[in-house]
Protein chains: 2
Amino acid sequence: MAGQPPEAGTGTLRRSLLALLLLLPLASAGHAAQCQVRGTGDLGIVVERVAGNVVVVDTTRGAILSRITGLGDLSHASAVFSRDARYAYLFGRDGGLSKLDLLCGRVVGRIVQGGNSIGGAISQDGSLIAVSNYEPGGVKIFSASDLQPVAEIPATPIGGGKRSRTVGLVDAPGQRFIFSLFDSGEIWIAALDNPESPALEKFEKVGRQPYDALITPDGRYYIAGLFGEDGLAMLDLWHTEKGVRRILDHYGKGERKLPVYKMPHLEGWAIAGERAFLPAVGHHEVLVVERGGWKSTASIPVHGQPVFVMARPDGRQVWVNFAFPHNDTIQVIDTESLQVIATLKPGKGTLHMEFTPRGEQVWISVRDEDLVKIYDTATLKQRGSLKIHKPSGIFFTSRAHRTGL
Amino acid sequence: MAGQPPEAGTGTLRRSLLALLLLLPLASAGHAAQCQVRGTGDLGIVVERVAGNVVVVDTTRGAILSRITGLGDLSHASAVFSRDARYAYLFGRDGGLSKLDLLCGRVVGRIVQGGNSIGGAISQDGSLIAVSNYEPGGVKIFSASDLQPVAEIPATPIGGGKRSRTVGLVDAPGQRFIFSLFDSGEIWIAALDNPESPALEKFEKVGRQPYDALITPDGRYYIAGLFGEDGLAMLDLWHTEKGVRRILDHYGKGERKLPVYKMPHLEGWAIAGERAFLPAVGHHEVLVVERGGWKSTASIPVHGQPVFVMARPDGRQVWVNFAFPHNDTIQVIDTESLQVIATLKPGKGTLHMEFTPRGEQVWISVRDEDLVKIYDTATLKQRGSLKIHKPSGIFFTSRAHRTGL
């Protein structure tokens, strides 16, 4: 799902800043065009949203490897990775799908596959890329190798020649993609065993206006947030015959009238052991949910309205960032005591976080300082930073090996 | 921990077979010496134990990339990977520690660091390699970059100028290594914040003769098997102040007199959600343990004495192989119904299994057929095979991003 915080606007392309960036040594095309013999397990990308660039980073040395430019509108851009961890597939808000070669620092394929899109996924075996579109409403499937179209899944017609917008697209075990239909209130499972003719299983009347979704790290539960009513819609993929059920009935209660960009992303949930930690809607709280019964058992008071609530890979800590005007702050929650154990101030526009695969570091985008700051998660101290222009989403290649990321 | 099944003997180095292997096209030095610009997220190694080789494989194409020869005694050999997923660190039974470059198909460093060793680990940040030694008893720490010695942790003296053998070495979050002392009945935590002077925390009288150990995938629980008495010793690393406690009191009951090589490896435990599945000692059963209270709640009758009990990454299935004379068989258990849903016959000497990172395939070593067989975990059908001489341990680079592997 989209890895951008909801308060982030589209921003303006400032040519003066772009020109400045071209003067940076690492931005030179000559550097970027050289391919490297090196491992790809410790690579990642940072989105420079305003400039429409992606910066390729090395998390072992804490260094920038290359800058890939000309990628279109990258507001709410997200990325997935090839199973060899060499290529990033970048999903732009403008329907652009770019395949980036991290070893050579260049675009190896780019299509504009829709007019207005929101996120994508890569199949379990790495052979297929799926993109979720608002316009035209539906999901398109492409070959991961050459971005050639493989199949198209038009969403339910909603009158006036239009089709429902699709959101909350994730991959699931068994070569499946799962997504939600915003306008028609559905969840669909597409099985791609035969890639050219996806087998669809449709769940109707799941709730009004599903706007985003997540899949648990084990690939079992698909959970969609509902913009049009309270609660969440949950599908147990081990038991699709049981249909979609409602959980957390009061989730979002009384917050229906907020503008859509105030709804927290569902990717901003942390699953730590048998507990889920999730941002409350419109409140300064993180909710704690027991996975067994999917009931909320506690709420943790925090500094502002949480946006992303992310678990350190070992599940011992949860890191939280906040919506404006509290978006200069990170809080760290101990998942055992449920206490806030630290309040950090990375700076204004603290938009996104990504943990290194084994969790010893977390990288944090600080937009208004043009920095990505690197923290040690044991000492909670900053250990370095990288100069990156208006950084937003950060994505590391270890996502290649996880379900739903 | 060692990734070799207990029934596997040391084997004999047969020069005639070695000569034969040199005739295989992929074994040619010319091929191996070329370095490739490619991703490393889908690579792995297969140990050819008898010949003392390692075969580098690509799990996307199901192909052999190179063969690296001359690696010494590889019985019970295991491997860990650098955080960039380019290098494998191979731990031989003869104390050899080899650093292998998977992109170039060659040895880039090799030392014989002890006389008789059993497994190793890589630190959370990827900078340190630890090796567990029988002789001299203790743990040695090396630089991951150049294999230079960094520190030495001699084990407890046991008289006659000897020190306790060390076993069950794993990495843990917070730049720590945990290991057990077989002869002195201890568990030690070594914190490597200052690599040259490890800070030790020692737990004595944990039980008689800990012989192997595991750490849960979240890095929280360290569990050691006891050869000298029933039950298992468990340390909660979030609460070391509580000390080591005994769990599963009857584990191994009545099986004390079996030869040591009949004891199942503890790496052969599957953690699937809140359940652990573990091989019963000396019985044709897989035990089911609830993680909350660490109590055994069920036992599943299986085809033979289980050796490795491994969870598919999504936790839906557990795959089991067996000790001689049942070592031609794999059984697949559904982790929800706790039923055996399939019995497969890969062939004699079915020694080891490794799942691809997102679980769509499992690779199985079939020693007596000189094949690694690749199964689709959705259909449970074989989808390919690779000709590899007396294959044993299989290790994929995605281990680089996991704790305790």
# chains A, B, ... in the order shown; residues from 1 in each chain; ligands from 1

call {"tool": "residues_around", "arguments": {"residues": "stretch 371-383 of chain A", "least_positions_apart": "6", "cutoff": "7 Å", "atoms": "only C-alpha atoms", "output": "list of chain:residue names"}}
result
A:Glu360, A:Gln361, A:Val362, A:Trp363, A:Ile364, A:Ser365, A:Pro391, B:Gly174

call {"tool": "select_by_dssp", "arguments": {"residues": "stretch 117-365 of chain B", "states": "strand (DSSP E)", "output": "number ranges by chain"}}
result
B: 117-122, 128-135, 138-143, 149-154, 157-159, 162-163, 166-172, 176-181, 186-191, 199-203, 210-215, 221-226, 232-236, 244-247, 270-272, 275-279, 285-290, 295-301, 306-311, 317-322, 330-334, 340-344, 350-355, 361-365

call {"tool": "write_last_selection", "arguments": {"atoms": "C-alpha atoms", "output": "compact mmCIF listing (two decimals), in the first residue's frame"}}
result
# COMPACT_ATOMS: atom_id res chain seq x y z
CA SER B 117 33.43 -26.46 15.88
CA ILE B 118 29.68 -26.47 15.67
CA GLY B 119 27.98 -23.56 14.00
CA GLY B 120 28.13 -19.81 14.01
CA ALA B 121 26.14 -16.63 13.80
CA ILE B 122 26.32 -13.09 12.43
CA LEU B 128 30.77 -9.61 13.44
CA ILE B 129 30.90 -13.38 12.95
CA ALA B 130 30.85 -15.63 16.00
CA VAL B 131 31.87 -19.30 15.98
CA SER B 132 31.10 -21.87 18.62
CA ASN B 133 33.91 -24.31 19.38
CA TYR B 134 34.25 -27.68 21.04
CA GLU B 135 38.01 -27.50 20.98
CA GLY B 138 34.56 -21.22 23.77
CA VAL B 139 33.36 -18.70 21.24
CA LYS B 140 35.55 -16.68 18.90
CA ILE B 141 34.53 -13.41 17.27
CA PHE B 142 35.79 -12.30 13.86
CA SER B 143 35.37 -9.27 11.65
CA PRO B 149 40.06 -12.04 15.05
CA VAL B 150 38.25 -9.47 17.20
CA ALA B 151 37.68 -11.19 20.51
CA GLU B 152 37.75 -14.55 22.21
CA ILE B 153 35.40 -15.82 24.90
CA PRO B 154 36.93 -18.86 26.62
CA PRO B 157 37.30 -24.57 32.72
CA ILE B 158 36.27 -28.17 33.40
CA GLY B 159 39.59 -29.56 34.63
CA LYS B 162 40.05 -28.18 29.17
CA ARG B 163 37.14 -25.84 28.80
CA THR B 166 29.99 -24.47 23.48
CA VAL B 167 26.84 -25.17 21.48
CA GLY B 168 23.59 -23.52 20.43
CA LEU B 169 25.13 -20.22 19.35
CA VAL B 170 22.64 -17.66 17.98
CA ASP B 171 22.48 -13.94 17.37
CA ALA B 172 19.94 -11.79 19.20
CA ARG B 176 24.25 -9.92 21.27
CA PHE B 177 25.22 -13.55 20.88
CA ILE B 178 23.73 -16.27 23.09
CA PHE B 179 25.22 -19.74 23.56
CA SER B 180 25.21 -22.75 25.85
CA LEU B 181 28.04 -24.57 27.61
CA GLU B 186 25.42 -22.82 31.49
CA ILE B 187 23.90 -20.26 29.15
CA TRP B 188 25.90 -17.11 28.41
CA ILE B 189 24.91 -13.83 26.79
CA ALA B 190 27.70 -11.87 25.15
CA ALA B 191 26.92 -8.22 24.36
CA ALA B 199 30.22 -8.02 28.18
CA LEU B 200 29.16 -11.39 29.53
CA GLU B 201 26.06 -12.33 31.49
CA LYS B 202 26.21 -15.91 32.77
CA PHE B 203 23.41 -18.24 33.84
CA PRO B 210 22.62 -28.41 26.92
CA TYR B 211 23.33 -29.80 23.44
CA ASP B 212 21.64 -27.41 21.02
CA ALA B 213 19.39 -24.35 21.13
CA LEU B 214 17.13 -22.07 19.16
CA ILE B 215 15.95 -18.50 19.40
CA TYR B 221 13.16 -16.64 23.77
CA TYR B 222 16.32 -18.70 23.83
CA ILE B 223 15.59 -22.39 24.35
CA ALA B 224 18.25 -25.05 24.92
CA GLY B 225 17.73 -28.80 24.68
CA LEU B 226 19.20 -30.85 27.53
CA LEU B 232 14.28 -27.71 28.07
CA ALA B 233 15.97 -24.61 29.48
CA MET B 234 14.36 -21.32 28.47
CA LEU B 235 15.65 -17.77 28.86
CA ASP B 236 13.36 -14.80 28.20
CA VAL B 244 16.52 -19.54 33.15
CA ARG B 245 13.43 -21.64 33.69
CA ARG B 246 12.52 -25.18 32.77
CA ILE B 247 9.77 -25.83 30.23
CA ALA B 270 8.70 -24.55 13.59
CA ILE B 271 7.22 -21.43 15.09
CA ALA B 272 3.90 -20.75 13.34
CA ARG B 275 2.26 -22.31 18.22
CA ALA B 276 5.53 -24.15 18.09
CA PHE B 277 5.77 -27.53 16.38
CA LEU B 278 8.64 -29.67 17.53
CA PRO B 279 10.04 -33.13 16.93
CA GLU B 285 5.23 -37.68 16.81
CA VAL B 286 5.32 -33.95 16.28
CA LEU B 287 4.49 -32.06 19.47
CA VAL B 288 2.38 -28.90 19.46
CA VAL B 289 3.24 -26.29 22.06
CA GLU B 290 1.34 -23.09 22.85
CA LYS B 295 2.91 -26.26 27.40
CA SER B 296 2.45 -29.16 25.03
CA THR B 297 -1.19 -29.25 23.98
CA ALA B 298 -1.26 -31.93 21.31
CA SER B 299 0.83 -34.54 19.56
CA ILE B 300 0.48 -35.41 15.89
CA PRO B 301 1.26 -39.01 14.83
CA PRO B 306 10.95 -36.38 12.97
CA VAL B 307 14.22 -34.54 12.34
CA PHE B 308 13.34 -31.12 10.90
CA VAL B 309 9.89 -29.66 11.48
CA MET B 310 9.76 -26.48 9.40
CA ALA B 311 7.00 -23.93 8.93
CA GLN B 317 1.86 -25.65 6.71
CA VAL B 318 4.59 -27.47 8.56
CA TRP B 319 6.87 -29.82 6.59
CA VAL B 320 8.57 -32.72 8.41
CA ASN B 321 11.39 -35.07 7.45
CA PHE B 322 12.46 -38.18 9.32
CA ILE B 330 8.24 -35.82 3.88
CA GLN B 331 4.92 -35.18 5.56
CA VAL B 332 2.97 -31.94 5.39
CA ILE B 333 0.88 -30.90 8.39
CA ASP B 334 -1.94 -28.34 8.26
CA VAL B 340 -1.17 -34.69 8.03
CA ILE B 341 -2.47 -33.53 4.64
CA ALA B 342 0.18 -35.11 2.41
CA THR B 343 2.89 -37.77 2.46
CA LEU B 344 5.56 -37.23 -0.19
CA THR B 350 15.84 -36.63 2.33
CA LEU B 351 18.05 -34.58 4.63
CA HIS B 352 17.16 -30.91 4.59
CA MET B 353 14.58 -28.39 3.39
CA GLU B 354 14.55 -24.66 2.76
CA PHE B 355 11.55 -22.51 1.83
CA GLN B 361 8.57 -23.21 -3.17
CA VAL B 362 10.48 -25.55 -0.92
CA TRP B 363 13.83 -27.02 -1.92
CA ILE B 364 14.62 -30.50 -0.60
CA SER B 365 17.99 -32.28 -0.51

call {"tool": "residues_around", "arguments": {"residues": "stretch 100-108 of chain B", "least_positions_apart": "4", "cutoff": "12 Å", "atoms": "only C-alpha atoms", "output": "MDAnalysis selection string"}}
result
(chainID A and resid 36:40) or (chainID B and resid 26:46 53:58 64:71 79:82 84:91 144:147 396:397)
